Amino acid sequence: MDYFRKGSDILPAVIMDSGSKSALIKGVSLCEDLKICKQMAMDIKQNIERTPYTDLNIQLSVFNTKAARLLFDVFRAVKKYRPSLNIHWLYDQTDVEMKEMGMDYSELLEMDFDISPN
């Protein structure tokens with residue numbers, strides 16, 4: 001395991017494993033303490049830069065605007081350092097807004113996202 005952060009009521013779980021060549025960000029991301037959230041985003045970006053992951057799985061049920069900005073920064077790092085990384089945006093099939101968020105990120109960043117229900 002390259003990086004692991006246990007999820008909480010306000011922060012997502014992050015599991016980055018070079019053995020399986022995949023990374024997962026899952027849960028709720030309600031960044032209130034920007035210092036903690038920025039550090040988590042920095043850790044994710046650094047791992048993406050130095051580790052040849054093939055898949056990044058995003059499975060968030062809710063996130064706020066601070067988390068949305070940090071997630072955007074993570075995707076920009078992916079685009080710069082790992083453009084061949086497959087991004088899988090997973091959403092609850094009844095959550096149309098979360099599906100649209102994945103589509104918005106994909107369009108804004110001009111990146112292909114695999115957007116599908118989990």
# chains A, B, ... in the order shown; residues from 1 in each chain; ligands from 1

$ closest_atom_pairs --of "region 41-101 of chain A" --to "region 9-21 of chain A" --cutoff "12 Å" --atoms "only C-alpha atoms" --output "Markdown table"
| residue | atom | partner | partner_atom | distance |
| --- | --- | --- | --- | --- |
| A:Ala41 | CA | A:Val14 | CA | 10.1 |
| A:Asp43 | CA | A:Val14 | CA | 10.0 |
| A:Ile44 | CA | A:Met16 | CA | 8.2 |
| A:Lys45 | CA | A:Met16 | CA | 11.0 |
| A:Gln46 | CA | A:Met16 | CA | 11.2 |
| A:Asn47 | CA | A:Met16 | CA | 7.8 |
| A:Ile48 | CA | A:Met16 | CA | 8.9 |
| A:Arg50 | CA | A:Ser18 | CA | 10.1 |
| A:Thr51 | CA | A:Ser18 | CA | 6.6 |
| A:Pro52 | CA | A:Lys21 | CA | 6.7 |
| A:Tyr53 | CA | A:Lys21 | CA | 4.3 |
| A:Thr54 | CA | A:Lys21 | CA | 5.4 |
| A:Asp55 | CA | A:Lys21 | CA | 6.6 |
| A:Leu56 | CA | A:Met16 | CA | 8.8 |
| A:Asn57 | CA | A:Ile15 | CA | 9.7 |
| A:Ile58 | CA | A:Val14 | CA | 9.6 |
| A:Gln59 | CA | A:Pro12 | CA | 9.1 |
| A:Leu60 | CA | A:Pro12 | CA | 7.6 |
| A:Ser61 | CA | A:Pro12 | CA | 9.5 |
| A:Val62 | CA | A:Ile10 | CA | 9.5 |
| A:Phe63 | CA | A:Ile10 | CA | 8.8 |
| A:Asn64 | CA | A:Ile10 | CA | 10.0 |
| A:Lys66 | CA | A:Leu11 | CA | 11.8 |
| A:Ala67 | CA | A:Leu11 | CA | 9.3 |
| A:Leu71 | CA | A:Pro12 | CA | 11.6 |
| A:Leu85 | CA | A:Lys21 | CA | 9.9 |
| A:Asn86 | CA | A:Lys21 | CA | 10.7 |

$ closest_atom_pairs --of "region 62-95 of chain A" --to "region 105-114 of chain A" --cutoff "7 Å" --atoms "only C-alpha atoms" --output "CSV"
residue,atom,partner,partner_atom,distance
A:Ile87,CA,A:Phe113,CA,5.1
A:His88,CA,A:Asp114,CA,4.7
A:Trp89,CA,A:Asp114,CA,5.9

$ write_last_selection --atoms "C-alpha atoms" --output "short mmCIF file (atom, residue, chain, number, x, y, z; two decimals), in the first residue's frame"
data_model
loop_
_atom_site.label_atom_id
_atom_site.label_comp_id
_atom_site.auth_asym_id
_atom_site.auth_seq_id
_atom_site.Cartn_x
_atom_site.Cartn_y
_atom_site.Cartn_z
CA ILE A 87 -10.51 7.74 -14.30
CA HIS A 88 -13.60 5.87 -13.18
CA TRP A 89 -16.29 8.17 -11.78
#

$ closest_residue --among "A:Ile115, A:Gln93, A:Gly7, A:Met42" --to "Asp73 (chain A)" --atoms "only C-alpha atoms"
A:Met42

$ select_by_dssp --residues "region 26-100 of chain A" --states "helix (DSSP H, G or I)" --output "ChimeraX atom specification"
/A:34-50,65-81,96-100

$ closest_residue --among "A:Met98, A:Met1, A:Ile36, A:Leu24" --to "Ala68 (chain A)" --atoms "only C-alpha atoms"
A:Met98
